[in-house]
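Read the structure below first, then the notes.
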Amino acid sequence: MTDKELLSLAVNAMKKSYSPYSNCKVGAALLCKNGKVFTGTNVENASFSPTVCAERVAVFKAVSEGETEFSGIAVVGGKDGKINGIFAPCGVCRQVLREFCDDDFPIILGESENDFKKVTLKELLPLSFSPDNVR
Ligand code: THU
């Protein structure tokens, strides 16, 4: 699976966004070390706080199917589904990724349907609090 292929799975997932309140559509595609991919999209709620981000939907889908070893994630989003530069994972999603992924975990941030910036989890979450801290 190439980075571009993972990005296009995130773009497809974005199209399923349930976001009637913010109109921000977000898609994520999480690649497992065994090659499986779990996608996610943001799911909003009239009560606002139950809203869940695309990245966490992808992670929780994977974990609930028994997958906890990941080799990368692609994230893409934009207001009204128009990709206009990166839509970086929020702080909560960064912390959720850190639960399962090391500092060097690659994150593909879609800048358009075909272009992306590739960063590591450490770049997005330096000096992280990790499971090692509580072992
Ligand atoms: N959102 C995500 O899906 N992922 C992020 O990392 C940032 C925010 C969603 C949540 C909400 O539905 C909308 O974007 C606006 O905050």
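Naming scheme: A, B, ... for chains in displayed order of the structure tokens; residues 1 onward per chain; ligands 1 onward as shown.
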Exercise for review: Run DSSP on the backbone of this structure and report the residues of chain A it assigns to strand (DSSP E or B), as a PyMOL selection string.
Suggested key: chain A and resi 18+24-32+37-41+43+52+70-79+106-110+116-120
The selected residues should be written to file as an mmCIF file, in the first residue's frame (atoms: C-alpha atoms).
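Saved as part_35.cif:
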data_model
loop_
_atom_site.group_PDB
_atom_site.id
_atom_site.type_symbol
_atom_site.label_atom_id
_atom_site.label_comp_id
_atom_site.auth_asym_id
_atom_site.auth_seq_id
_atom_site.Cartn_x
_atom_site.Cartn_y
_atom_site.Cartn_z
ATOM 1 C CA TYR A 18 -21.773 12.870 9.088
ATOM 2 C CA CYS A 24 -16.238 19.905 8.085
ATOM 3 C CA LYS A 25 -15.745 16.569 6.367
ATOM 4 C CA VAL A 26 -12.820 14.468 7.586
ATOM 5 C CA GLY A 27 -11.577 11.056 6.484
ATOM 6 C CA ALA A 28 -8.912 8.771 7.890
ATOM 7 C CA ALA A 29 -7.380 5.528 6.652
ATOM 8 C CA LEU A 30 -5.355 3.500 9.139
ATOM 9 C CA LEU A 31 -2.958 0.872 7.804
ATOM 10 C CA CYS A 32 -2.281 -2.144 10.005
ATOM 11 C CA VAL A 37 -6.931 -0.933 6.393
ATOM 12 C CA PHE A 38 -9.591 0.577 8.632
ATOM 13 C CA THR A 39 -11.201 3.824 7.553
ATOM 14 C CA GLY A 40 -13.077 6.377 9.615
ATOM 15 C CA THR A 41 -14.999 9.575 9.240
ATOM 16 C CA VAL A 43 -19.591 11.553 13.250
ATOM 17 C CA VAL A 52 -16.069 11.725 17.361
ATOM 18 C CA PHE A 70 -0.309 0.066 12.872
ATOM 19 C CA SER A 71 2.151 1.257 10.250
ATOM 20 C CA GLY A 72 0.600 4.550 9.138
ATOM 21 C CA ILE A 73 -2.467 6.739 8.884
ATOM 22 C CA ALA A 74 -3.691 9.150 6.224
ATOM 23 C CA VAL A 75 -5.930 12.053 7.219
ATOM 24 C CA VAL A 76 -7.734 14.488 4.978
ATOM 25 C CA GLY A 77 -10.482 17.013 5.469
ATOM 26 C CA GLY A 78 -11.991 20.338 4.693
ATOM 27 C CA LYS A 79 -14.964 22.596 5.095
ATOM 28 C CA PRO A 106 4.087 8.112 9.964
ATOM 29 C CA ILE A 107 1.105 10.408 9.469
ATOM 30 C CA ILE A 108 0.131 11.354 5.929
ATOM 31 C CA LEU A 109 -1.593 14.731 5.901
ATOM 32 C CA GLY A 110 -3.531 15.296 2.689
ATOM 33 C CA PHE A 116 0.431 15.212 1.061
ATOM 34 C CA LYS A 117 2.861 16.154 3.777
ATOM 35 C CA LYS A 118 4.332 13.248 5.747
ATOM 36 C CA VAL A 119 5.155 13.787 9.409
ATOM 37 C CA THR A 120 5.824 11.596 12.426
#
**Study point:** Contacts of Ser130 in chain A within 9 Å, only C-alpha atoms, excl. fewer than 2 positions in-chain, as a list in words
**Key:** Gln95, Arg98, Glu99, Asp102, Ser128, Asp132, Asn133 and Val134 of chain A
Keeping only N, CA and C atoms, write the selected residues to a file as an mmCIF file, in the first residue's frame.
data_model
loop_
_atom_site.group_PDB
_atom_site.id
_atom_site.type_symbol
_atom_site.label_atom_id
_atom_site.label_comp_id
_atom_site.auth_asym_id
_atom_site.auth_seq_id
_atom_site.Cartn_x
_atom_site.Cartn_y
_atom_site.Cartn_z
ATOM 1 N N GLN A 95 -3.177 11.839 20.948
ATOM 2 C CA GLN A 95 -2.946 11.047 22.156
ATOM 3 C C GLN A 95 -3.460 9.614 21.980
ATOM 4 N N ARG A 98 -1.008 7.728 20.066
ATOM 5 C CA ARG A 98 0.191 7.427 20.871
ATOM 6 C C ARG A 98 0.005 6.187 21.742
ATOM 7 N N GLU A 99 -1.248 5.864 22.034
ATOM 8 C CA GLU A 99 -1.530 4.662 22.823
ATOM 9 C C GLU A 99 -1.017 3.401 22.113
ATOM 10 N N ASP A 102 4.356 4.261 18.074
ATOM 11 C CA ASP A 102 5.585 4.878 18.585
ATOM 12 C C ASP A 102 5.790 6.263 17.980
ATOM 13 N N SER A 128 5.715 13.205 24.481
ATOM 14 C CA SER A 128 4.391 12.640 24.730
ATOM 15 C C SER A 128 4.304 11.842 26.020
ATOM 16 N N ASP A 132 4.188 3.710 28.349
ATOM 17 C CA ASP A 132 5.394 3.420 29.142
ATOM 18 C C ASP A 132 5.388 4.166 30.472
ATOM 19 N N ASN A 133 4.741 5.306 30.509
ATOM 20 C CA ASN A 133 4.715 6.102 31.738
ATOM 21 C C ASN A 133 3.916 5.449 32.866
ATOM 22 N N VAL A 134 3.049 4.542 32.491
ATOM 23 C CA VAL A 134 2.190 3.939 33.533
ATOM 24 C C VAL A 134 2.460 2.443 33.716
#
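When only C-alpha atoms and all ligand atoms are used to measure the gap to ligand 1, the shortest distance among A:Asn84, A:Asn114, A:Asn45, A:Thr68 belongs to A:Asn45.
Considering the residues A:Cys101, A:Ala62, A:Leu121, A:Ala54 and counting only C-alpha atoms and all ligand atoms, ligand 1 has its shortest atom-to-atom contact with A:Ala54.
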Review point. Counting only C-alpha atoms, what is within 9 Å of Gly91 in chain A, bar same-chain residues fewer than 4 positions away, as number ranges by chain?
Key: A: 95-96, 124-125
Just N, CA, C and O atoms for this one: save the residues we selected as a short mmCIF file (atom, residue, chain, number, x, y, z; two decimals), in the first residue's frame.
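Contents of again_29.cif, freshly written:
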data_model
loop_
_atom_site.label_atom_id
_atom_site.label_comp_id
_atom_site.auth_asym_id
_atom_site.auth_seq_id
_atom_site.Cartn_x
_atom_site.Cartn_y
_atom_site.Cartn_z
N GLN A 95 -3.18 11.84 20.95
CA GLN A 95 -2.95 11.05 22.16
C GLN A 95 -3.46 9.61 21.98
O GLN A 95 -2.83 8.66 22.43
N VAL A 96 -4.61 9.46 21.31
CA VAL A 96 -5.15 8.12 21.07
C VAL A 96 -4.18 7.33 20.17
O VAL A 96 -3.92 6.14 20.42
N LEU A 124 4.01 15.75 15.79
CA LEU A 124 2.70 16.30 16.17
C LEU A 124 2.48 16.25 17.68
O LEU A 124 1.64 16.99 18.20
N LEU A 125 3.21 15.37 18.36
CA LEU A 125 3.00 15.19 19.80
C LEU A 125 4.36 14.99 20.48
O LEU A 125 4.70 13.89 20.91
#
Point to revise | Atom pair CA of Glu5 in chain A / CA of Cys53 in chain A: separation (Å) | key: 21.2 Å
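Using only C-alpha atoms for every distance, the candidate list A:Arg94, A:Lys15, A:Lys4, A:Arg135 yields A:Lys15 as the residue closest to Gly81 in chain A.
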